[in-house]
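Text of work.cif (mmCIF, C-alpha atoms and all ligand atoms) as supplied:
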```cif
data_entry
loop_
_atom_site.label_atom_id
_atom_site.label_comp_id
_atom_site.auth_asym_id
_atom_site.auth_seq_id
_atom_site.Cartn_x
_atom_site.Cartn_y
_atom_site.Cartn_z
CA MET A 1 0.00 0.00 0.00
CA ASN A 2 1.19 3.55 -0.74
CA LYS A 3 2.38 5.35 2.37
CA LYS A 4 0.88 8.78 3.11
CA PHE A 5 2.53 11.63 5.03
CA ASP A 6 1.20 15.04 6.00
CA VAL A 7 4.40 16.61 4.72
CA ILE A 8 7.15 15.43 2.40
CA ILE A 9 10.25 17.61 2.16
CA VAL A 10 12.65 17.03 -0.73
CA GLY A 11 16.23 17.86 0.36
CA ALA A 12 17.88 17.27 3.75
CA GLY A 13 19.79 20.56 3.76
CA ALA A 14 19.55 23.59 6.03
CA ALA A 15 16.08 24.75 4.94
CA GLY A 16 14.56 21.26 4.67
CA LEU A 17 15.72 20.20 8.15
CA MET A 18 14.44 23.41 9.74
CA CYS A 19 11.07 23.03 8.03
CA ALA A 20 10.79 19.40 9.17
CA ILE A 21 11.49 20.32 12.81
CA GLU A 22 8.84 23.04 12.83
CA ALA A 23 6.23 20.95 11.04
CA GLY A 24 7.00 18.09 13.46
CA LYS A 25 6.39 20.39 16.42
CA ARG A 26 2.89 20.92 15.00
CA ASN A 27 2.34 17.16 15.14
CA LYS A 28 2.60 16.71 11.40
CA ASN A 29 3.84 13.41 10.19
CA VAL A 30 6.93 14.40 8.19
CA LEU A 31 9.23 12.62 5.74
CA ILE A 32 12.44 14.09 4.30
CA VAL A 33 13.70 12.56 1.06
CA GLU A 34 17.40 13.08 0.27
CA HIS A 35 19.07 11.72 -2.86
CA THR A 36 22.61 11.51 -1.42
CA SER A 37 23.78 9.37 1.49
CA LYS A 38 24.48 12.44 3.67
CA ILE A 39 22.38 14.86 5.71
CA GLY A 40 23.30 18.57 5.69
CA GLU A 41 26.45 18.07 3.64
CA LYS A 42 26.67 21.74 2.62
CA ILE A 43 26.47 22.73 6.27
CA ARG A 44 29.44 20.43 6.93
CA ILE A 45 31.68 22.13 4.36
CA SER A 46 30.46 25.65 5.13
CA GLY A 47 32.49 28.41 6.74
CA GLY A 48 35.74 26.50 6.29
CA GLY A 49 34.29 23.60 8.34
CA ARG A 50 33.03 25.88 11.14
CA CYS A 51 29.71 26.98 9.58
CA ASN A 52 29.04 30.70 9.59
CA PHE A 53 25.48 29.85 10.67
CA THR A 54 24.03 33.38 10.84
CA ASN A 55 24.88 37.06 10.96
CA ILE A 56 23.92 39.37 13.82
CA ASN A 57 23.17 42.13 11.32
CA SER A 58 21.23 40.11 8.72
CA ASN A 59 18.35 41.96 7.09
CA ASN A 60 16.80 42.23 3.62
CA GLU A 61 19.56 44.60 2.48
CA ASN A 62 21.99 41.69 2.56
CA PHE A 63 20.08 39.92 -0.21
CA LEU A 64 19.75 40.02 -3.99
CA SER A 65 16.35 39.21 -5.48
CA ASN A 66 14.00 40.58 -8.10
CA ASN A 67 11.83 41.50 -5.11
CA MET A 68 13.95 42.99 -2.32
CA HIS A 69 10.97 42.90 0.06
CA PHE A 70 10.09 39.22 -0.34
CA CYS A 71 12.32 37.94 2.48
CA LYS A 72 11.19 40.53 5.06
CA SER A 73 8.17 38.58 6.30
CA ALA A 74 10.16 35.38 6.96
CA PHE A 75 12.96 37.32 8.68
CA SER A 76 10.47 38.98 10.99
CA LYS A 77 8.96 35.61 11.93
CA TYR A 78 12.26 33.82 12.55
CA THR A 79 15.23 36.06 13.28
CA GLN A 80 18.94 35.41 13.76
CA ASN A 81 18.28 35.61 17.53
CA ASP A 82 15.82 32.73 17.27
CA PHE A 83 18.50 30.59 15.62
CA ILE A 84 21.13 31.75 18.13
CA ASP A 85 18.76 30.66 20.94
CA LEU A 86 18.51 27.20 19.34
CA VAL A 87 22.31 26.99 19.10
CA LYS A 88 22.61 28.03 22.75
CA LYS A 89 19.96 25.49 23.81
CA HIS A 90 22.21 22.79 22.34
CA LYS A 91 25.22 24.27 24.16
CA ILE A 92 27.13 24.80 20.93
CA GLN A 93 30.01 27.20 21.51
CA PHE A 94 30.34 29.97 18.92
CA HIS A 95 32.09 33.27 18.29
CA GLU A 96 31.79 36.37 16.13
CA LYS A 97 34.62 36.38 13.59
CA LYS A 98 34.00 39.83 12.07
CA LEU A 99 31.14 41.96 10.70
CA GLY A 100 28.53 40.11 12.77
CA GLN A 101 29.44 36.69 11.32
CA LEU A 102 28.83 33.87 13.84
CA PHE A 103 30.86 30.65 13.54
CA CYS A 104 30.98 27.44 15.60
CA ASN A 105 34.07 27.26 17.84
CA ASN A 106 34.38 23.54 17.24
CA SER A 107 32.87 22.24 14.00
CA ALA A 108 30.00 22.67 11.54
CA LYS A 109 29.06 19.11 12.47
CA ASP A 110 27.68 20.53 15.75
CA ILE A 111 24.97 22.32 13.73
CA ILE A 112 24.15 19.17 11.74
CA GLU A 113 23.91 17.12 14.95
CA MET A 114 21.67 19.77 16.49
CA LEU A 115 19.28 19.67 13.51
CA ILE A 116 19.24 15.86 13.42
CA THR A 117 18.54 15.70 17.18
CA GLU A 118 15.68 18.17 16.78
CA CYS A 119 14.29 16.09 13.89
CA GLU A 120 14.52 12.92 16.00
CA ASN A 121 12.71 14.68 18.85
CA GLN A 122 9.86 15.41 16.45
CA LYS A 123 9.91 11.88 14.97
CA VAL A 124 10.76 13.16 11.50
CA GLU A 125 11.55 10.28 9.14
CA ILE A 126 14.54 10.78 6.81
CA LYS A 127 15.09 8.58 3.75
CA ILE A 128 18.58 8.98 2.28
CA ASP A 129 19.83 7.60 -1.07
CA THR A 130 16.34 8.10 -2.48
CA GLU A 131 15.74 9.49 -5.99
CA ILE A 132 12.36 10.86 -6.90
CA LYS A 133 11.36 9.71 -10.38
CA SER A 134 8.19 11.75 -10.76
CA ILE A 135 5.73 13.97 -8.96
CA VAL A 136 2.03 14.06 -9.79
CA HIS A 137 -0.56 16.39 -8.28
CA GLN A 138 -3.93 14.68 -8.00
CA GLU A 139 -7.00 15.45 -5.91
CA ASN A 140 -5.18 17.67 -3.38
CA LEU A 141 -2.42 15.12 -2.98
CA TYR A 142 1.15 15.06 -4.27
CA ILE A 143 2.22 11.57 -5.36
CA LEU A 144 5.98 10.99 -5.46
CA GLU A 145 7.36 7.95 -7.21
CA THR A 146 10.73 6.53 -6.16
CA LYS A 147 12.46 3.42 -7.53
CA ILE A 148 10.68 1.22 -5.00
CA GLU A 149 7.44 2.87 -3.96
CA LYS A 150 4.89 5.64 -4.30
CA ILE A 151 4.61 8.08 -1.38
CA LEU A 152 1.79 10.57 -0.93
CA CYS A 153 1.46 13.85 0.94
CA SER A 154 -0.86 16.82 1.31
CA SER A 155 2.04 19.29 1.57
CA LEU A 156 5.12 19.00 -0.59
CA VAL A 157 8.14 21.18 0.24
CA ILE A 158 10.94 21.59 -2.29
CA ALA A 159 14.18 22.36 -0.42
CA THR A 160 16.73 21.11 -2.94
CA GLY A 161 18.96 24.21 -2.89
CA GLY A 162 20.92 25.64 -5.80
CA LEU A 163 23.40 24.36 -8.37
CA SER A 164 26.67 24.99 -6.58
CA ILE A 165 29.02 22.11 -5.76
CA PRO A 166 27.36 19.31 -7.78
CA LYS A 167 29.83 16.75 -6.41
CA ILE A 168 28.15 16.89 -2.98
CA GLY A 169 24.60 16.59 -4.30
CA ALA A 170 23.50 19.90 -5.83
CA SER A 171 20.95 19.34 -8.59
CA ASP A 172 18.50 21.23 -10.79
CA PHE A 173 15.59 19.25 -9.33
CA GLY A 174 13.83 22.28 -7.79
CA TYR A 175 13.94 24.24 -11.06
CA LYS A 176 12.62 21.20 -13.00
CA ILE A 177 9.69 20.89 -10.60
CA ALA A 178 9.05 24.61 -11.03
CA ASN A 179 8.96 24.07 -14.81
CA GLN A 180 6.60 21.12 -14.42
CA PHE A 181 4.18 23.36 -12.50
CA ASN A 182 4.69 26.28 -14.94
CA LEU A 183 6.36 28.47 -12.33
CA LYS A 184 8.79 31.11 -13.59
CA VAL A 185 12.46 30.67 -12.81
CA THR A 186 14.79 33.68 -13.16
CA ASN A 187 18.17 33.45 -14.89
CA LEU A 188 20.63 31.49 -12.79
CA TYR A 189 24.30 32.38 -12.23
CA PRO A 190 27.08 31.07 -10.01
CA ALA A 191 27.62 33.63 -7.23
CA LEU A 192 29.97 34.15 -4.29
CA VAL A 193 32.54 32.76 -6.68
CA PRO A 194 36.15 33.60 -7.65
CA LEU A 195 36.66 35.55 -10.88
CA ILE A 196 39.02 34.47 -13.64
CA PHE A 197 41.11 36.28 -16.26
CA GLN A 198 42.97 35.66 -19.49
CA ASP A 199 46.13 37.12 -21.04
CA ASN A 200 48.60 39.41 -19.26
CA ILE A 201 46.40 40.18 -16.25
CA LEU A 202 46.18 36.41 -15.71
CA ASP A 203 49.99 36.17 -15.71
CA PHE A 204 50.07 39.02 -13.21
CA CYS A 205 47.58 37.23 -10.90
CA LYS A 206 49.36 33.88 -11.27
CA SER A 207 52.69 35.41 -10.27
CA LEU A 208 51.01 36.72 -7.11
CA ALA A 209 49.00 33.60 -6.21
CA GLY A 210 48.53 33.53 -2.45
CA VAL A 211 49.19 37.26 -1.87
CA SER A 212 46.30 38.91 -0.04
CA ILE A 213 45.39 42.53 0.76
CA GLU A 214 42.46 44.56 2.01
CA ALA A 215 40.83 46.05 -1.10
CA SER A 216 37.81 47.98 -2.21
CA VAL A 217 35.96 46.57 -5.22
CA LYS A 218 33.19 48.28 -7.11
CA ILE A 219 30.62 47.69 -9.85
CA ASN A 220 28.51 50.79 -10.50
CA LYS A 221 27.34 51.91 -7.06
CA THR A 222 27.96 48.58 -5.30
CA ILE A 223 31.16 48.56 -3.23
CA PHE A 224 32.69 45.97 -0.91
CA ASN A 225 35.69 46.68 1.32
CA GLU A 226 37.15 43.33 2.35
CA GLY A 227 40.04 40.97 1.66
CA LEU A 228 41.21 40.16 -1.88
CA ILE A 229 43.53 37.26 -2.74
CA PHE A 230 45.32 36.58 -6.02
CA THR A 231 44.89 33.03 -7.36
CA HIS A 232 46.33 30.92 -10.19
CA ARG A 233 43.21 31.71 -12.24
CA GLY A 234 42.45 35.29 -11.20
CA ILE A 235 41.17 36.85 -7.97
CA SER A 236 39.19 35.68 -4.97
CA GLY A 237 38.70 36.56 -1.29
CA PRO A 238 35.63 38.00 0.45
CA SER A 239 35.49 41.29 -1.51
CA ILE A 240 35.61 39.42 -4.84
CA LEU A 241 33.11 36.74 -3.78
CA GLN A 242 30.73 39.52 -2.72
CA ILE A 243 31.07 41.54 -5.94
CA SER A 244 30.76 38.36 -8.07
CA SER A 245 27.04 38.28 -7.16
CA TYR A 246 26.68 41.62 -8.97
CA TRP A 247 28.95 40.79 -11.92
CA LYS A 248 27.65 39.77 -15.35
CA PRO A 249 29.79 38.81 -18.39
CA GLY A 250 31.12 41.98 -20.04
CA ASN A 251 31.10 44.05 -16.82
CA THR A 252 34.33 45.67 -15.67
CA ILE A 253 35.24 45.90 -11.99
CA GLU A 254 37.07 48.79 -10.39
CA ILE A 255 39.55 47.70 -7.74
CA ASN A 256 41.34 49.91 -5.24
CA LEU A 257 44.32 47.91 -3.98
CA LEU A 258 45.05 50.53 -1.33
CA PRO A 259 41.72 52.08 -0.29
CA GLN A 260 43.13 53.83 2.79
CA ASN A 261 45.64 55.96 0.81
CA SER A 262 45.54 58.09 -2.32
CA LEU A 263 48.97 57.37 -3.78
CA GLU A 264 49.40 60.11 -6.39
CA LYS A 265 50.27 62.85 -3.90
CA ILE A 266 52.34 60.52 -1.73
CA LEU A 267 54.50 59.37 -4.67
CA ARG A 268 55.17 62.96 -5.80
CA GLU A 269 56.23 63.90 -2.26
CA ARG A 270 58.51 60.84 -2.05
CA ARG A 271 60.08 61.75 -5.38
CA LEU A 272 61.16 65.08 -3.84
CA LYS A 273 62.19 63.68 -0.45
CA THR A 274 63.87 60.36 -1.37
CA PRO A 275 64.64 60.50 -5.14
CA LYS A 276 67.22 57.69 -4.93
CA GLN A 277 64.78 55.16 -3.47
CA ASN A 278 63.47 52.54 -5.88
CA ILE A 279 59.71 52.96 -6.39
CA SER A 280 59.01 49.33 -5.52
CA ASN A 281 60.66 49.94 -2.11
CA VAL A 282 58.47 53.00 -1.65
CA LEU A 283 55.38 50.98 -2.50
CA SER A 284 56.45 48.21 -0.11
CA ASN A 285 55.60 50.60 2.73
CA PHE A 286 51.97 50.27 1.67
CA LEU A 287 51.63 46.93 -0.13
CA PRO A 288 53.12 43.42 0.19
CA ASN A 289 56.66 43.33 -1.37
CA ARG A 290 55.66 40.84 -4.07
CA LEU A 291 52.73 42.98 -5.16
CA ALA A 292 54.78 46.19 -5.18
CA LEU A 293 57.44 44.56 -7.36
CA ALA A 294 54.94 42.91 -9.72
CA ILE A 295 53.15 46.23 -10.32
CA THR A 296 56.30 48.21 -11.05
CA ASN A 297 57.62 45.45 -13.34
CA LEU A 298 54.31 45.24 -15.22
CA LEU A 299 54.32 49.02 -15.76
CA ASN A 300 58.05 49.16 -16.67
CA ALA A 301 58.52 51.52 -13.76
CA ASN A 302 60.98 49.63 -11.59
CA GLN A 303 63.46 52.48 -11.22
CA LYS A 304 64.57 55.17 -8.76
CA ILE A 305 61.51 57.25 -7.95
CA GLY A 306 63.45 60.46 -8.76
CA ASP A 307 63.85 59.29 -12.38
CA LEU A 308 60.13 58.76 -12.95
CA SER A 309 57.94 61.23 -14.85
CA ASN A 310 54.58 62.51 -13.61
CA GLU A 311 52.98 60.32 -16.25
CA THR A 312 54.63 57.15 -14.89
CA LEU A 313 53.80 58.04 -11.28
CA ASN A 314 50.17 58.57 -12.33
CA LYS A 315 50.19 55.22 -14.11
CA VAL A 316 51.42 53.51 -10.92
CA SER A 317 49.00 55.32 -8.62
CA ASN A 318 46.06 54.71 -10.97
CA PHE A 319 46.93 51.02 -11.20
CA ILE A 320 46.90 50.77 -7.42
CA ASN A 321 43.99 53.08 -6.57
CA LYS A 322 41.82 52.71 -9.67
CA LEU A 323 42.48 49.42 -11.43
CA THR A 324 39.79 48.55 -13.96
CA VAL A 325 39.65 44.86 -14.87
CA LEU A 326 37.45 42.84 -17.21
CA PRO A 327 37.04 39.30 -15.84
CA THR A 328 36.56 36.66 -18.52
CA GLY A 329 34.30 34.62 -16.28
CA THR A 330 33.87 32.94 -12.91
CA GLU A 331 35.09 29.61 -11.59
CA GLY A 332 31.48 28.42 -12.02
CA TYR A 333 29.28 26.14 -9.96
CA LYS A 334 32.23 23.88 -9.10
CA THR A 335 33.41 26.44 -6.55
CA ALA A 336 30.53 28.95 -6.22
CA GLU A 337 29.02 29.13 -2.73
CA VAL A 338 25.54 29.88 -4.04
CA THR A 339 23.29 30.21 -7.08
CA LEU A 340 22.09 33.70 -7.88
CA GLY A 341 18.44 33.70 -8.95
CA GLY A 342 15.90 30.92 -8.65
CA ILE A 343 12.18 30.41 -8.53
CA ASP A 344 10.53 33.76 -9.14
CA THR A 345 9.30 35.15 -5.82
CA ASN A 346 6.12 36.41 -7.57
CA GLU A 347 5.01 32.77 -7.67
CA ILE A 348 5.27 32.38 -3.88
CA ASP A 349 3.33 33.79 -0.93
CA SER A 350 6.05 35.39 1.22
CA SER A 351 4.13 34.81 4.46
CA THR A 352 3.82 31.02 3.97
CA MET A 353 6.31 29.98 1.21
CA GLU A 354 3.40 28.28 -0.56
CA CYS A 355 2.90 28.61 -4.32
CA LYS A 356 0.18 31.10 -5.09
CA ASN A 357 -1.29 28.80 -7.77
CA TYR A 358 -0.77 25.36 -6.20
CA SER A 359 -2.16 24.69 -2.79
CA GLY A 360 0.18 22.47 -0.76
CA LEU A 361 3.32 23.10 -2.84
CA TYR A 362 6.09 25.01 -1.03
CA PHE A 363 9.59 26.18 -1.99
CA ILE A 364 12.19 27.21 0.61
CA GLY A 365 15.87 28.10 0.89
CA GLU A 366 18.34 28.72 -1.89
CA VAL A 367 16.14 27.30 -4.68
CA LEU A 368 14.16 30.56 -4.50
CA ASP A 369 15.33 33.83 -6.05
CA VAL A 370 16.75 35.06 -2.74
CA THR A 371 20.55 35.18 -2.59
CA GLY A 372 22.46 36.44 0.41
CA HIS A 373 25.76 38.22 0.73
CA LEU A 374 28.70 36.33 2.17
CA GLY A 375 28.68 36.19 5.97
CA GLY A 376 25.98 33.84 7.29
CA HIS A 377 23.05 35.45 5.46
CA ASN A 378 22.34 32.45 3.21
CA PHE A 379 21.92 30.13 6.15
CA GLN A 380 19.69 32.69 7.90
CA TRP A 381 17.47 32.66 4.80
CA ALA A 382 17.38 28.84 4.90
CA TRP A 383 16.39 28.85 8.61
CA SER A 384 13.80 31.65 8.26
CA SER A 385 12.14 30.34 5.08
CA GLY A 386 12.21 26.76 6.46
CA TYR A 387 10.61 27.94 9.70
CA VAL A 388 7.83 29.81 7.89
CA ALA A 389 6.95 26.84 5.67
CA GLY A 390 7.05 24.60 8.77
CA GLN A 391 4.35 26.76 10.38
CA ASN A 392 2.08 26.49 7.34
CA VAL A 393 2.41 23.01 5.81
C1 LIG B 1 31.60 25.81 0.20
C2 LIG B 1 30.38 26.52 0.72
C3 LIG B 1 30.47 27.23 1.92
C4 LIG B 1 29.36 27.93 2.39
N1 LIG B 1 29.45 28.58 3.57
C5 LIG B 1 28.38 29.27 4.05
C6 LIG B 1 28.44 29.89 5.32
O1 LIG B 1 29.42 29.74 6.06
N2 LIG B 1 27.36 30.63 5.70
C7 LIG B 1 26.23 30.73 4.94
O2 LIG B 1 25.28 31.41 5.34
N3 LIG B 1 26.13 30.08 3.76
C8 LIG B 1 27.17 29.35 3.31
N4 LIG B 1 27.07 28.68 2.12
C9 LIG B 1 25.76 28.70 1.41
C10 LIG B 1 24.80 27.74 2.12
O3 LIG B 1 25.45 26.50 2.29
C11 LIG B 1 23.52 27.53 1.29
O4 LIG B 1 22.98 28.76 0.91
C12 LIG B 1 22.51 26.74 2.10
O5 LIG B 1 23.04 25.46 2.40
C13 LIG B 1 21.20 26.58 1.33
O6 LIG B 1 20.35 25.76 2.06
P1 LIG B 1 19.24 24.87 1.33
O7 LIG B 1 18.66 24.00 2.37
O8 LIG B 1 18.38 25.73 0.52
O9 LIG B 1 20.08 23.99 0.31
P2 LIG B 1 21.20 22.89 0.60
O10 LIG B 1 21.80 23.10 1.93
O11 LIG B 1 22.07 22.89 -0.60
O12 LIG B 1 20.38 21.54 0.68
C14 LIG B 1 19.75 20.96 -0.45
C15 LIG B 1 19.65 19.47 -0.22
O13 LIG B 1 18.84 18.92 -1.26
C16 LIG B 1 19.44 17.76 -1.73
N5 LIG B 1 18.95 17.50 -3.08
C17 LIG B 1 19.30 18.11 -4.24
N6 LIG B 1 18.64 17.55 -5.28
C18 LIG B 1 17.87 16.57 -4.76
C19 LIG B 1 16.98 15.62 -5.34
N7 LIG B 1 16.77 15.57 -6.65
N8 LIG B 1 16.34 14.74 -4.52
C20 LIG B 1 16.57 14.76 -3.18
N9 LIG B 1 17.42 15.62 -2.59
C21 LIG B 1 18.05 16.53 -3.37
C22 LIG B 1 20.93 18.04 -1.65
O14 LIG B 1 21.70 16.87 -1.69
C23 LIG B 1 20.99 18.78 -0.30
O15 LIG B 1 21.12 17.87 0.76
C24 LIG B 1 28.14 27.93 1.64
C25 LIG B 1 28.06 27.20 0.47
C26 LIG B 1 29.15 26.49 0.01
C27 LIG B 1 29.03 25.70 -1.26
#
```

Written form, structure tokens:
Amino acid sequence: MNKKFDVIIVGAGAAGLMCAIEAGKRNKNVLIVEHTSKIGEKIRISGGGRCNFTNINSNNENFLSNNMHFCKSAFSKYTQNDFIDLVKKHKIQFHEKKLGQLFCNNSAKDIIEMLITECENQKVEIKIDTEIKSIVHQENLYILETKIEKILCSSLVIATGGLSIPKIGASDFGYKIANQFNLKVTNLYPALVPLIFQDNILDFCKSLAGVSIEASVKINKTIFNEGLIFTHRGISGPSILQISSYWKPGNTIEINLLPQNSLEKILRERRLKTPKQNISNVLSNFLPNRLALAITNLLNANQKIGDLSNETLNKVSNFINKLTVLPTGTEGYKTAEVTLGGIDTNEIDSSTMECKNYSGLYFIGEVLDVTGHLGGHNFQWAWSSGYVAGQNV
């Protein structure tokens, strides 16, 4: 006989687990179906293994979406403090790293264990290694077919996340279901992702792989002031991951490698005061040695500062304070932390996460067109949207 549940959640990630716990607390009989053999695998690898599980300052301004207001309702119903209380209840030690970002002291596994314990307390059933072959909506029921059985539910929650890191289970399942139910999906892009270059700027980056600085990066009016690191393929680090969410092919990025100083005046003064000093030594007072040398070599300016013309000094200071680069692409979903875009929020009721046109069908977490900045915001969206659906399924 086909087994029937009140709620079936597809995806045992952050949002799916939170939704299951909350629905369980309302005495719903809940099943989570996960196609890999692991629960919360993205939580495990997050935050360098320590899971940046929320951000003290998270609010709708930390998100990209076609509708900036969509996430407000969920955030007001389940805040970062609610999640922090849950973490405290489980005696998980944590700390603020910077900019309101909260990380586990010990391991991201503490968060996974916490969520699994909460699911067990609510008698949530979790089936791993289970592929869903098809979903049919019939007479107010959703019928899911797996290799071995048909399972039925009144509320179906899609919590299958985005496309990033396919090797740990990311799939396009959520978007396919959206297509099946004629729901609009926005364009999708890898985001929070390193940027790559070609040609001589690539050689420059390669020669500096591993060098990091505090930089300011800008596209139009969007600016991030955080770390930047040179890589063998281009540039990465928090400032670049952040700006990547705003970057589209063809866009240039303006980078200030020394945001705290305007170099033009400083270099002219140094030329008068210490004309015999090599310019790369002058720059080493402000930048890592390797970077100072690479810049002056690239610009054919590696000479005594007293011998350099105004034009060359301007070239050097512009390169450092106002470098305009044209990335050729991103490292893609293989390394992206998130997918920008998703199921169009116009299709979803923001106060319940239910589809406006299909009673009983819910979408939560990253699969929706709600994409957070780096810093714990994406998990907060998963917890808040999961909570809201859990109250309504
Ligand atoms: C390397 C990395 C580090 C990150 N670090 C942070 C961080 O520190 N802080 C932060 O806020 N965010 C971080 N993120 C982003 C964050 O992990 C995601 O935004 C968040 O996990 C999204 O939650 P979700 O539940 O929507 O999706 P996921 O957590 O991705 O869960 C989706 C689940 O659905 C399953 N699934 C997929 N397809 C199917 C299918 N067909 N059938 C059944 N199951 C399926 C997947 O296997 C997975 O278990 C990081 C992401 C990455 C990749």

Residue neighbourhood Asn67 of chain A, 9 Å, all atoms listed in the file, exclusion window fewer than 6 positions, as a list in words: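 The contact residues come out as Asp344, Thr345, Asn346, Asp369 and Val370 of chain A.
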
Between atom CA of Ile364 of chain A and atom CA of Val185 of chain A - distance in Å to one decimal: 13.9 Å

Atomic distance atom CA of Lys304 of chain A - atom CA of Pro275 of chain A, expressed in Å with one decimal: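 Computing it gives 6.4 Å between the two atoms.
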
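The list of residues with at least one atom within 8 Å of His232 of chain A, based on all atoms listed in the file and without residues fewer than 5 positions apart in the same chain, reads Leu202, Cys205, Lys206, Ser207 and Ala209 of chain A.
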
Spatial neighbours of Thr371 of chain A, 6 Å, all atoms listed in the file, chain gap at least 2 places, as a ChimeraX atom specification: /A:63-64,340

Top pick for closest residue to Leu228 of chain A, considering A:Gln277, A:Gln242, A:Thr130, A:Ser65 and counting only C-alpha atoms: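 Distance minimum relative to Leu228 of chain A lands on A:Gln242.
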
Let me know the centre plus edge lengths, in Å and rounded to one decimal, of a box with edges along x, y and z that contains all listed atoms of segment 20-36 of chain A and is padded by 5 Å on every side, as JSON.
```
{"center_x": 12.5, "center_y": 17.3, "center_z": 6.8, "size_x": 30.3, "size_y": 21.5, "size_z": 29.3}
```

Straight-line distance linking atom N3 of ligand LIG 1 (chain B) with atom CA of Gly376 of chain A, stated in Å to one decimal: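 If I compute the distance from atom N3 of ligand LIG 1 (chain B) to atom CA of Gly376 of chain A, I get 5.2 Å.
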
Exercise: residues within 9 Å of coordinate (31.2, 42.1, -20.0), counting all atoms listed in the file, as a ChimeraX atom specification: /A:247-252,326-329

Using all atoms listed in the file, which residues sit within 12 Å of Glu354 of chain A once same-chain residues fewer than 6 positions away are excluded, as a PDB file with C-alpha atoms, keeping the file's coordinate frame?
```
ATOM      1  CA  SER A 155       2.040  19.290   1.570  1.00  0.00           C
ATOM      2  CA  LEU A 156       5.120  19.000  -0.590  1.00  0.00           C
ATOM      3  CA  VAL A 157       8.140  21.180   0.240  1.00  0.00           C
ATOM      4  CA  ILE A 158      10.940  21.590  -2.290  1.00  0.00           C
ATOM      5  CA  THR A 345       9.300  35.150  -5.820  1.00  0.00           C
ATOM      6  CA  ASN A 346       6.120  36.410  -7.570  1.00  0.00           C
ATOM      7  CA  GLU A 347       5.010  32.770  -7.670  1.00  0.00           C
ATOM      8  CA  ILE A 348       5.270  32.380  -3.880  1.00  0.00           C
ATOM      9  CA  GLY A 360       0.180  22.470  -0.760  1.00  0.00           C
ATOM     10  CA  LEU A 361       3.320  23.100  -2.840  1.00  0.00           C
ATOM     11  CA  TYR A 362       6.090  25.010  -1.030  1.00  0.00           C
ATOM     12  CA  PHE A 363       9.590  26.180  -1.990  1.00  0.00           C
ATOM     13  CA  ILE A 364      12.190  27.210   0.610  1.00  0.00           C
ATOM     14  CA  LEU A 368      14.160  30.560  -4.500  1.00  0.00           C
ATOM     15  CA  SER A 385      12.140  30.340   5.080  1.00  0.00           C
ATOM     16  CA  GLY A 386      12.210  26.760   6.460  1.00  0.00           C
ATOM     17  CA  VAL A 388       7.830  29.810   7.890  1.00  0.00           C
ATOM     18  CA  ALA A 389       6.950  26.840   5.670  1.00  0.00           C
ATOM     19  CA  GLY A 390       7.050  24.600   8.770  1.00  0.00           C
ATOM     20  CA  GLN A 391       4.350  26.760  10.380  1.00  0.00           C
ATOM     21  CA  ASN A 392       2.080  26.490   7.340  1.00  0.00           C
ATOM     22  CA  VAL A 393       2.410  23.010   5.810  1.00  0.00           C
TER      23      VAL A 393
END
```

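Taking only C-alpha atoms, the non-local environment of segment 221-225 of chain A within 7 Å (same-chain residues fewer than 3 positions away omitted) comprises Ala215, Ser216, Val217, Lys218, Ser239, Gln242 and Ile243 of chain A.
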
Best match for closeness to ligand LIG 1 (chain B) among A:Asn60, A:Thr335, A:Asn220, A:Thr330, counting all atoms listed in the file: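 Of all the options, A:Thr335 lies closest to ligand LIG 1 (chain B).
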
From A:Glu113, A:Glu264, A:Glu131, A:Glu149, residue lying nearest Val316 of chain A [only C-alpha atoms]: A:Glu264

Residue list as a ChimeraX atom specification for point (64.7, 55.7, -2.8), cut-off 12 Å, all atoms listed in the file: /A:267,269-285,302-308

Residue among A:Lys98, A:Arg44, A:Arg268, A:Lys356 lying closest to Ser317 of chain A, counting only C-alpha atoms: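 Nearest to Ser317 of chain A: A:Arg268.
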
Proximity to Met18 of chain A - best of A:Glu125, A:Glu118, A:Asp110, A:Asp85, only C-alpha atoms: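 The shortest atom-to-atom distance to Met18 of chain A comes from A:Glu118.
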
Could you rebuild segment 371-377 of chain A with N, CA and C atoms and give me the result as an mmCIF file, in the coordinates of the input?
```
data_model
loop_
_atom_site.group_PDB
_atom_site.id
_atom_site.type_symbol
_atom_site.label_atom_id
_atom_site.label_comp_id
_atom_site.auth_asym_id
_atom_site.auth_seq_id
_atom_site.Cartn_x
_atom_site.Cartn_y
_atom_site.Cartn_z
ATOM 1 N N THR A 371 19.133 35.549 -2.689
ATOM 2 C CA THR A 371 20.550 35.180 -2.590
ATOM 3 C C THR A 371 21.253 36.137 -1.651
ATOM 4 N N GLY A 372 21.846 35.587 -0.616
ATOM 5 C CA GLY A 372 22.460 36.440 0.410
ATOM 6 C C GLY A 372 23.898 36.808 0.094
ATOM 7 N N HIS A 373 24.337 37.880 0.732
ATOM 8 C CA HIS A 373 25.760 38.220 0.730
ATOM 9 C C HIS A 373 26.519 37.146 1.508
ATOM 10 N N LEU A 374 27.826 37.187 1.372
ATOM 11 C CA LEU A 374 28.700 36.330 2.170
ATOM 12 C C LEU A 374 28.559 36.749 3.644
ATOM 13 N N GLY A 375 28.632 35.779 4.551
ATOM 14 C CA GLY A 375 28.680 36.190 5.970
ATOM 15 C C GLY A 375 27.585 35.621 6.838
ATOM 16 N N GLY A 376 26.987 34.483 6.446
ATOM 17 C CA GLY A 376 25.980 33.840 7.290
ATOM 18 C C GLY A 376 24.553 34.155 6.859
ATOM 19 N N HIS A 377 24.395 35.033 5.872
ATOM 20 C CA HIS A 377 23.050 35.450 5.460
ATOM 21 C C HIS A 377 22.310 34.332 4.727
#
```
